[in-house]
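Asker: Dropping in start-v1.tsv, which is TSV, C-alpha atoms and all ligand atoms:
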chain	number	residue	atom	x	y	z
A	1	MET	CA	289.65	256.69	78.11
A	2	THR	CA	292.37	256.38	75.43
A	3	GLN	CA	292.04	258.24	72.14
A	4	GLN	CA	291.08	254.98	70.40
A	5	GLU	CA	288.45	254.08	73.01
A	6	PHE	CA	287.13	257.59	72.70
A	7	LEU	CA	286.87	257.37	68.89
A	8	ASP	CA	285.25	253.91	69.06
A	9	LEU	CA	282.62	255.25	71.46
A	10	VAL	CA	281.99	258.20	69.16
A	11	GLU	CA	281.31	255.74	66.29
A	12	GLU	CA	278.74	253.91	68.44
A	13	VAL	CA	276.95	257.13	69.31
A	14	TYR	CA	276.94	258.18	65.64
A	15	LYS	CA	275.03	254.97	64.90
A	16	PHE	CA	272.56	255.57	67.73
A	17	HIS	CA	272.00	259.15	66.55
A	18	THR	CA	271.87	257.94	62.89
A	19	LYS	CA	273.95	260.93	61.79
A	20	ARG	CA	277.62	261.88	62.04
A	21	ALA	CA	276.92	265.16	63.74
A	22	PRO	CA	280.10	266.93	64.90
A	23	GLY	CA	278.43	267.85	68.18
A	24	ILE	CA	278.55	264.18	69.13
A	25	VAL	CA	282.33	264.10	69.39
A	26	ILE	CA	282.12	267.13	71.65
A	27	GLY	CA	279.20	265.65	73.60
A	28	VAL	CA	280.98	262.35	74.29
A	29	GLU	CA	283.84	264.24	75.91
A	30	MET	CA	281.38	266.34	77.93
A	31	VAL	CA	279.47	263.36	79.32
A	32	ASP	CA	282.73	261.59	80.13
A	33	LEU	CA	284.05	264.71	81.90
A	34	ALA	CA	280.84	265.06	83.93
A	35	ARG	CA	281.00	261.38	84.94
A	36	ARG	CA	284.64	261.64	86.04
A	37	LYS	CA	284.04	264.79	88.08
A	38	LEU	CA	280.89	263.38	89.70
A	39	GLY	CA	282.42	260.01	90.53
A	40	PRO	CA	280.40	256.83	90.99
A	41	VAL	CA	276.80	257.20	92.19
A	42	ASP	CA	274.11	254.60	92.83
A	43	SER	CA	271.34	256.33	90.93
A	44	LEU	CA	272.44	258.59	88.12
A	45	GLY	CA	270.23	261.33	86.75
A	46	ALA	CA	270.88	263.76	83.91
A	47	VAL	CA	269.67	267.12	82.72
A	48	THR	CA	270.20	268.41	79.19
A	49	GLU	CA	269.99	272.07	78.30
A	50	THR	CA	269.53	271.42	74.58
A	51	GLN	CA	267.57	268.93	72.54
A	52	VAL	CA	270.13	268.56	69.74
A	53	CYS	CA	272.59	265.68	69.47
A	54	LEU	CA	273.88	266.15	73.03
A	55	SER	CA	270.68	264.62	74.41
A	56	ASP	CA	271.32	261.45	72.39
A	57	VAL	CA	274.91	261.25	73.66
A	58	ILE	CA	273.59	261.44	77.22
A	59	GLN	CA	270.98	258.75	76.60
A	60	TYR	CA	273.46	256.41	74.95
A	61	MET	CA	276.28	256.84	77.48
A	62	THR	CA	274.35	257.02	80.74
A	63	GLY	CA	271.13	255.06	80.21
A	64	CYS	CA	269.24	258.10	81.51
A	65	THR	CA	266.51	258.41	78.91
A	66	ILE	CA	263.36	260.36	78.21
A	67	GLY	CA	261.38	257.14	78.66
A	68	ASN	CA	262.69	256.24	82.11
A	69	LYS	CA	262.49	259.92	83.09
A	70	TYR	CA	266.08	259.99	84.34
A	71	LEU	CA	266.85	262.48	81.60
A	72	ILE	CA	265.23	265.81	82.35
A	73	MET	CA	264.76	268.05	79.33
A	74	ARG	CA	265.59	271.68	80.03
A	75	ASP	CA	266.14	272.21	76.31
A	76	LYS	CA	264.34	275.52	76.27
A	77	ILE	CA	267.51	276.97	77.86
A	78	GLY	CA	269.32	276.20	74.60
A	79	ARG	CA	272.86	276.07	75.99
A	80	TYR	CA	275.14	273.24	74.85
A	81	ALA	CA	275.45	271.94	78.40
A	82	LEU	CA	274.44	269.10	80.66
A	83	THR	CA	274.35	268.10	84.30
A	84	LEU	CA	274.85	264.63	85.71
A	85	TYR	CA	273.72	264.19	89.29
A	86	ASP	CA	272.89	261.73	92.04
A	87	ARG	CA	269.14	261.17	92.19
A	88	LYS	CA	269.44	260.49	95.92
A	89	ASP	CA	270.42	264.02	96.91
A	90	GLY	CA	270.61	266.16	93.78
A	91	ARG	CA	274.40	266.58	94.03
A	92	GLY	CA	275.75	267.07	90.54
A	93	VAL	CA	278.30	268.35	88.06
A	94	ARG	CA	277.41	270.68	85.21
A	95	VAL	CA	279.59	270.73	82.09
A	96	PHE	CA	279.35	273.47	79.47
A	97	VAL	CA	281.17	274.73	76.40
A	98	ASP	CA	283.46	277.55	77.46
A	99	GLN	CA	283.46	280.01	74.55
A	100	ASN	CA	286.65	281.57	75.94
A	101	LYS	CA	288.48	278.31	75.31
A	102	ILE	CA	287.48	278.23	71.65
A	103	ASP	CA	290.39	280.01	69.99
A	104	LYS	CA	289.05	281.62	66.83
A	105	GLN	CA	292.41	281.11	65.08
A	106	LYS	CA	292.94	277.47	66.10
A	107	MET	CA	289.30	276.40	65.85
A	108	PRO	CA	287.63	278.61	63.23
A	109	GLU	CA	285.07	276.02	62.11
A	110	THR	CA	284.13	275.07	65.69
A	111	PHE	CA	283.85	278.74	66.59
A	112	GLN	CA	281.37	279.24	63.74
A	113	PHE	CA	279.57	275.98	64.56
A	114	PHE	CA	278.61	277.14	68.03
A	115	LEU	CA	277.51	280.52	66.72
A	116	ARG	CA	275.62	278.84	63.85
A	117	GLN	CA	277.68	280.89	61.42
A	118	ARG	CA	279.08	278.17	59.19
A	119	SER	CA	279.00	278.83	55.45
A	120	GLU	CA	275.71	278.77	53.61
A	121	ALA	CA	276.78	275.59	51.79
A	122	VAL	CA	276.79	273.59	55.05
A	123	SER	CA	273.03	273.84	55.42
A	124	LYS	CA	272.34	273.02	51.78
A	125	ASP	CA	274.99	270.60	50.61
A	126	LYS	CA	275.62	267.16	52.08
A	127	GLN	CA	279.25	267.04	51.01
A	128	ALA	CA	279.98	270.48	52.46
A	129	ARG	CA	278.33	269.43	55.71
A	130	LYS	CA	280.47	266.30	55.83
A	131	GLU	CA	283.66	268.27	55.25
A	132	SER	CA	282.72	270.83	57.88
A	133	ALA	CA	282.01	268.06	60.39
A	134	LYS	CA	285.41	266.54	59.75
A	135	ILE	CA	287.16	269.89	60.26
A	136	ILE	CA	285.37	270.40	63.58
A	137	VAL	CA	286.37	266.94	64.78
A	138	ASP	CA	290.00	267.51	63.72
A	139	GLU	CA	290.09	270.90	65.42
A	140	PHE	CA	288.62	269.43	68.58
A	141	LEU	CA	291.10	266.54	68.74
A	142	ALA	CA	293.99	268.92	68.00
A	143	VAL	CA	293.29	271.06	71.08
A	144	GLY	CA	293.25	267.97	73.31
A	145	ARG	CA	289.43	267.77	73.53
A	146	ASN	CA	289.41	270.58	76.05
A	147	ILE	CA	287.00	273.45	75.45
A	148	PHE	CA	284.86	272.98	78.53
A	149	GLY	CA	284.11	274.45	81.87
A	150	TRP	CA	282.47	272.61	84.74
A	151	GLN	CA	280.95	273.38	88.14
A	152	PHE	CA	279.55	271.55	91.13
A	153	VAL	CA	275.81	272.10	91.37
A	154	ARG	CA	272.82	270.98	93.40
A	155	VAL	CA	269.84	270.11	91.23
A	156	LYS	CA	266.53	271.55	92.43
A	157	ASP	CA	263.43	269.37	92.41
A	158	TYR	CA	265.47	266.22	91.84
A	159	LYS	CA	262.87	264.00	93.49
A	160	LYS	CA	260.78	261.78	91.26
A	161	PRO	CA	257.79	263.64	89.80
A	162	PRO	CA	254.41	262.44	91.03
A	163	VAL	CA	252.61	259.84	88.94
A	164	ASN	CA	249.67	261.66	87.42
A	165	PRO	CA	246.19	260.13	87.40
A	166	VAL	CA	244.45	258.82	84.32
A	167	LYS	CA	240.89	259.18	83.02
A	168	ILE	CA	238.87	258.22	79.95
A	169	CYS	CA	238.35	260.93	77.36
A	170	PRO	CA	234.62	261.23	76.57
A	171	ASP	CA	235.36	262.04	72.89
A	172	CYS	CA	237.94	259.45	71.77
A	173	HIS	CA	237.31	256.97	74.63
A	174	GLU	CA	241.04	256.48	75.12
A	175	SER	CA	242.62	256.74	78.56
A	176	PHE	CA	244.94	259.68	79.05
A	177	ILE	CA	247.18	261.09	81.76
A	178	TYR	CA	245.97	264.44	82.96
A	179	THR	CA	247.87	267.12	84.80
A	180	GLU	CA	245.24	269.86	84.93
A	181	ASP	CA	242.18	269.02	87.00
A	182	GLY	CA	239.94	271.02	84.68
A	183	ASP	CA	240.73	268.88	81.62
A	184	THR	CA	237.67	266.88	80.71
A	185	THR	CA	238.84	265.70	77.27
A	186	CYS	CA	242.36	264.76	76.19
A	187	LEU	CA	244.45	267.54	74.70
A	188	ALA	CA	244.14	266.06	71.19
A	189	CYS	CA	240.35	266.17	71.32
A	190	SER	CA	240.35	269.59	72.98
A	191	GLY	CA	242.38	270.91	70.05
A	192	GLU	CA	245.27	272.11	72.22
A	193	LEU	CA	247.69	269.44	70.95
A	194	ASP	CA	245.97	268.10	67.85
A	195	TYR	CA	248.98	267.25	65.70
A	196	TYR	CA	247.17	265.18	63.04
A	197	GLN	CA	244.01	264.98	61.03
A	198	LEU	CA	242.32	261.74	60.04
A	199	GLU	CA	242.78	260.59	56.45
A	200	GLN	CA	239.53	259.85	54.66
B	301	ZN	ZN	240.21	262.31	73.37
I'd like the structure from this file rewritten - as structure tokens, please.
Ligand SMILES: [Zn+2]

Answerer:
Amino acid sequence: MTQQEFLDLVEEVYKFHTKRAPGIVIGVEMVDLARRKLGPVDSLGAVTETQVCLSDVIQYMTGCTIGNKYLIMRDKIGRYALTLYDRKDGRGVRVFVDQNKIDKQKMPETFQFFLRQRSEAVSKDKQARKESAKIIVDEFLAVGRNIFGWQFVRVKDYKKPPVNPVKICPDCHESFIYTEDGDTTCLACSGELDYYQLEQ
């Protein structure tokens, strides 16, 4: 990928994500690196270790999405990292941000970005956020887009998850997918996942 192709792709992902988040520039390089190291596979799968913008980069660039279940969310780990793998055998490549490659002198803003230590203004002020994002992108391009480590991995439990059965909830009379045999009502009616209340 040439620098121009790279930047064009970044613009497309910005649109998909609806925000010019600096992590996207970094994420595009990470997904591309993982793809190159893995080589062509018939059935690509992905795992993300964070929910932030990286998961949108993966969905846009690979077609592995939450909806088709080819993107597995392991976002509770919270590392800015991903794995692309072959769904046939679980063989994969994991790409991560190597903090040792982020030179504090050459990439001060990026260094603070990954530690969530950017100035107070960045969280409050749109203009400051925009300027910070631009600095991070410039720093990243200046070091040749290389702040990553990667490793060959074998994904555990890569086989398709079982399709769970469905039943009718006796309270709301809607059908729902259940995973626990003991569930008699859906998790909204049981109160476990009731995320809304009805407006009068
Ligand atoms: Zn219900």

Asker: Give me, please, the distance in Å between atom CA of A:Cys186 and atom CA of A:Met73, quoted to one decimal.

Answerer: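 It comes out at 22.9 Å.
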
Asker: Mind checking which residues fall within 12 Å of A:Leu38, counting only C-alpha atoms, ignoring those fewer than 5 positions away in the same chain, and posting them as an MDAnalysis selection string?

Answerer: chainID A and resid 31:33 43:46 83:86 90:95 150:154

Asker: What are the nearest atom pairs, with distances in Å to one decimal, for all residues of chain A that come at most 12 Å from ligand ZN 301 (chain B), using all atoms listed in the file, set out by chain and rising residue number as JSON lines?

Answerer:
{"residue": "A:Lys167", "atom": "CA", "partner": "B:ZN301", "partner_atom": "ZN", "distance": 10.2}
{"residue": "A:Ile168", "atom": "CA", "partner": "B:ZN301", "partner_atom": "ZN", "distance": 7.9}
{"residue": "A:Cys169", "atom": "CA", "partner": "B:ZN301", "partner_atom": "ZN", "distance": 4.6}
{"residue": "A:Pro170", "atom": "CA", "partner": "B:ZN301", "partner_atom": "ZN", "distance": 6.5}
{"residue": "A:Asp171", "atom": "CA", "partner": "B:ZN301", "partner_atom": "ZN", "distance": 4.9}
{"residue": "A:Cys172", "atom": "CA", "partner": "B:ZN301", "partner_atom": "ZN", "distance": 4.0}
{"residue": "A:His173", "atom": "CA", "partner": "B:ZN301", "partner_atom": "ZN", "distance": 6.2}
{"residue": "A:Glu174", "atom": "CA", "partner": "B:ZN301", "partner_atom": "ZN", "distance": 6.1}
{"residue": "A:Ser175", "atom": "CA", "partner": "B:ZN301", "partner_atom": "ZN", "distance": 8.0}
{"residue": "A:Phe176", "atom": "CA", "partner": "B:ZN301", "partner_atom": "ZN", "distance": 7.8}
{"residue": "A:Ile177", "atom": "CA", "partner": "B:ZN301", "partner_atom": "ZN", "distance": 11.0}
{"residue": "A:Tyr178", "atom": "CA", "partner": "B:ZN301", "partner_atom": "ZN", "distance": 11.4}
{"residue": "A:Asp183", "atom": "CA", "partner": "B:ZN301", "partner_atom": "ZN", "distance": 10.6}
{"residue": "A:Thr184", "atom": "CA", "partner": "B:ZN301", "partner_atom": "ZN", "distance": 9.0}
{"residue": "A:Thr185", "atom": "CA", "partner": "B:ZN301", "partner_atom": "ZN", "distance": 5.3}
{"residue": "A:Cys186", "atom": "CA", "partner": "B:ZN301", "partner_atom": "ZN", "distance": 4.3}
{"residue": "A:Leu187", "atom": "CA", "partner": "B:ZN301", "partner_atom": "ZN", "distance": 6.9}
{"residue": "A:Ala188", "atom": "CA", "partner": "B:ZN301", "partner_atom": "ZN", "distance": 5.9}
{"residue": "A:Cys189", "atom": "CA", "partner": "B:ZN301", "partner_atom": "ZN", "distance": 4.4}
{"residue": "A:Ser190", "atom": "CA", "partner": "B:ZN301", "partner_atom": "ZN", "distance": 7.3}
{"residue": "A:Gly191", "atom": "CA", "partner": "B:ZN301", "partner_atom": "ZN", "distance": 9.5}
{"residue": "A:Glu192", "atom": "CA", "partner": "B:ZN301", "partner_atom": "ZN", "distance": 11.1}
{"residue": "A:Leu193", "atom": "CA", "partner": "B:ZN301", "partner_atom": "ZN", "distance": 10.6}
{"residue": "A:Asp194", "atom": "CA", "partner": "B:ZN301", "partner_atom": "ZN", "distance": 9.9}

Asker: Return the single residue from A:Leu82, A:Ile66, A:Phe113, A:Phe148 that is closest to A:Gln99, with distances computed using all atoms listed in the file.

Answerer: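 Closest to A:Gln99, using all atoms listed in the file: A:Phe148.
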
Asker: Taking all atoms listed in the file into account, which of A:Lys104, A:Lys130, A:Arg145, A:Lys160 comes nearest A:Ala21?

Answerer: A:Lys130

Asker: Sorted by chain and rising residue number, which residues of stretch 45-93 of chain A lie within 12 Å of stretch 11-19 of chain A, and what are their closest atom pairs and distances in Å to one decimal, counting all atoms listed in the file, as a tab-separated table?

Answerer:
residue	atom	partner	partner_atom	distance
A:Val52	CA	A:His17	CA	10.1
A:Cys53	CA	A:His17	CA	7.2
A:Leu54	CA	A:His17	CA	9.7
A:Ser55	CA	A:His17	CA	9.7
A:Asp56	CA	A:His17	CA	6.3
A:Val57	CA	A:Val13	CA	6.3
A:Ile58	CA	A:Val13	CA	9.6
A:Gln59	CA	A:Phe16	CA	9.6
A:Tyr60	CA	A:Val13	CA	6.7
A:Met61	CA	A:Val13	CA	8.2
A:Thr62	CA	A:Val13	CA	11.7

Asker: Using all atoms listed in the file, pick whichever of A:Glu29, A:Asp125, A:Asp103, A:Glu49 has the shortest atom-to-atom distance to A:Leu7.

Answerer: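 Of the candidates, the smallest distance to A:Leu7 is held by A:Glu29.
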
Asker: Between atom CA of A:Gly67 and atom CA of A:Thr48, what is the spacing in Å?

Answerer: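 Computed distance, atom CA of A:Thr48 to atom CA of A:Gly67, equals 14.3 Å.
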
Asker: Which is closest to A:Gln51 among A:Lys124, A:Lys76, A:Arg116, A:Arg35, if we use all atoms listed in the file?

Answerer: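 Closest candidate: A:Lys76.
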
Asker: Tell me, in Å to one decimal, how far atom CA of A:Phe140 is from atom CA of A:Asp8.

Answerer: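 Spanning atom CA of A:Phe140 to atom CA of A:Asp8 is a straight-line distance of 15.9 Å.
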
Asker: Which residue, A:Asn68, A:Ile26, A:Gly182, A:Lys156, has the smallest gap to A:Ala81 when you use all atoms listed in the file?

Answerer: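 Between A:Asn68, A:Ile26, A:Gly182, A:Lys156, the residue approaching A:Ala81 most closely is A:Ile26.
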
Asker: I want to know what sits within 10 Å of A:Met107, based on only C-alpha atoms, with residues of the same chain fewer than 2 positions away left out; could you give that as a ChimeraX atom specification?

Answerer: /A:101-105,109-113,135-140,142-143

Asker: When distances are computed from only C-alpha atoms, which of A:Ile72, A:Gly23, A:Asp157, A:Leu141 shows the smallest separation from A:Phe6?

Answerer: A:Leu141

Asker: Assuming the input is short of atoms at stretch 27-39 of chain A, produce N, CA and C atoms for that part as a PDB file, keeping the file's coordinate frame.

Answerer:
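What landed in out.pdb:
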ATOM      1  N   GLY A  27     280.086 266.134  72.543  1.00  0.00           N
ATOM      2  CA  GLY A  27     279.200 265.650  73.600  1.00  0.00           C
ATOM      3  C   GLY A  27     279.756 264.455  74.355  1.00  0.00           C
ATOM      4  N   VAL A  28     280.407 263.529  73.635  1.00  0.00           N
ATOM      5  CA  VAL A  28     280.980 262.350  74.290  1.00  0.00           C
ATOM      6  C   VAL A  28     282.021 262.780  75.327  1.00  0.00           C
ATOM      7  N   GLU A  29     282.835 263.740  74.963  1.00  0.00           N
ATOM      8  CA  GLU A  29     283.840 264.240  75.910  1.00  0.00           C
ATOM      9  C   GLU A  29     283.166 264.914  77.109  1.00  0.00           C
ATOM     10  N   MET A  30     282.073 265.625  76.844  1.00  0.00           N
ATOM     11  CA  MET A  30     281.380 266.340  77.930  1.00  0.00           C
ATOM     12  C   MET A  30     280.759 265.370  78.934  1.00  0.00           C
ATOM     13  N   VAL A  31     280.094 264.328  78.427  1.00  0.00           N
ATOM     14  CA  VAL A  31     279.470 263.360  79.320  1.00  0.00           C
ATOM     15  C   VAL A  31     280.543 262.633  80.127  1.00  0.00           C
ATOM     16  N   ASP A  32     281.640 262.286  79.446  1.00  0.00           N
ATOM     17  CA  ASP A  32     282.730 261.590  80.130  1.00  0.00           C
ATOM     18  C   ASP A  32     283.328 262.483  81.226  1.00  0.00           C
ATOM     19  N   LEU A  33     283.513 263.757  80.917  1.00  0.00           N
ATOM     20  CA  LEU A  33     284.050 264.710  81.900  1.00  0.00           C
ATOM     21  C   LEU A  33     283.118 264.825  83.106  1.00  0.00           C
ATOM     22  N   ALA A  34     281.827 264.939  82.842  1.00  0.00           N
ATOM     23  CA  ALA A  34     280.840 265.060  83.930  1.00  0.00           C
ATOM     24  C   ALA A  34     280.869 263.812  84.817  1.00  0.00           C
ATOM     25  N   ARG A  35     280.975 262.646  84.181  1.00  0.00           N
ATOM     26  CA  ARG A  35     281.000 261.380  84.940  1.00  0.00           C
ATOM     27  C   ARG A  35     282.240 261.301  85.822  1.00  0.00           C
ATOM     28  N   ARG A  36     283.393 261.706  85.267  1.00  0.00           N
ATOM     29  CA  ARG A  36     284.640 261.640  86.040  1.00  0.00           C
ATOM     30  C   ARG A  36     284.595 262.601  87.226  1.00  0.00           C
ATOM     31  N   LYS A  37     284.079 263.800  87.008  1.00  0.00           N
ATOM     32  CA  LYS A  37     284.040 264.790  88.080  1.00  0.00           C
ATOM     33  C   LYS A  37     283.018 264.402  89.156  1.00  0.00           C
ATOM     34  N   LEU A  38     281.923 263.775  88.740  1.00  0.00           N
ATOM     35  CA  LEU A  38     280.890 263.380  89.700  1.00  0.00           C
ATOM     36  C   LEU A  38     281.317 262.163  90.504  1.00  0.00           C
ATOM     37  N   GLY A  39     282.042 261.256  89.862  1.00  0.00           N
ATOM     38  CA  GLY A  39     282.420 260.010  90.530  1.00  0.00           C
ATOM     39  C   GLY A  39     281.252 259.054  90.520  1.00  0.00           C
TER      40      GLY A  39
END
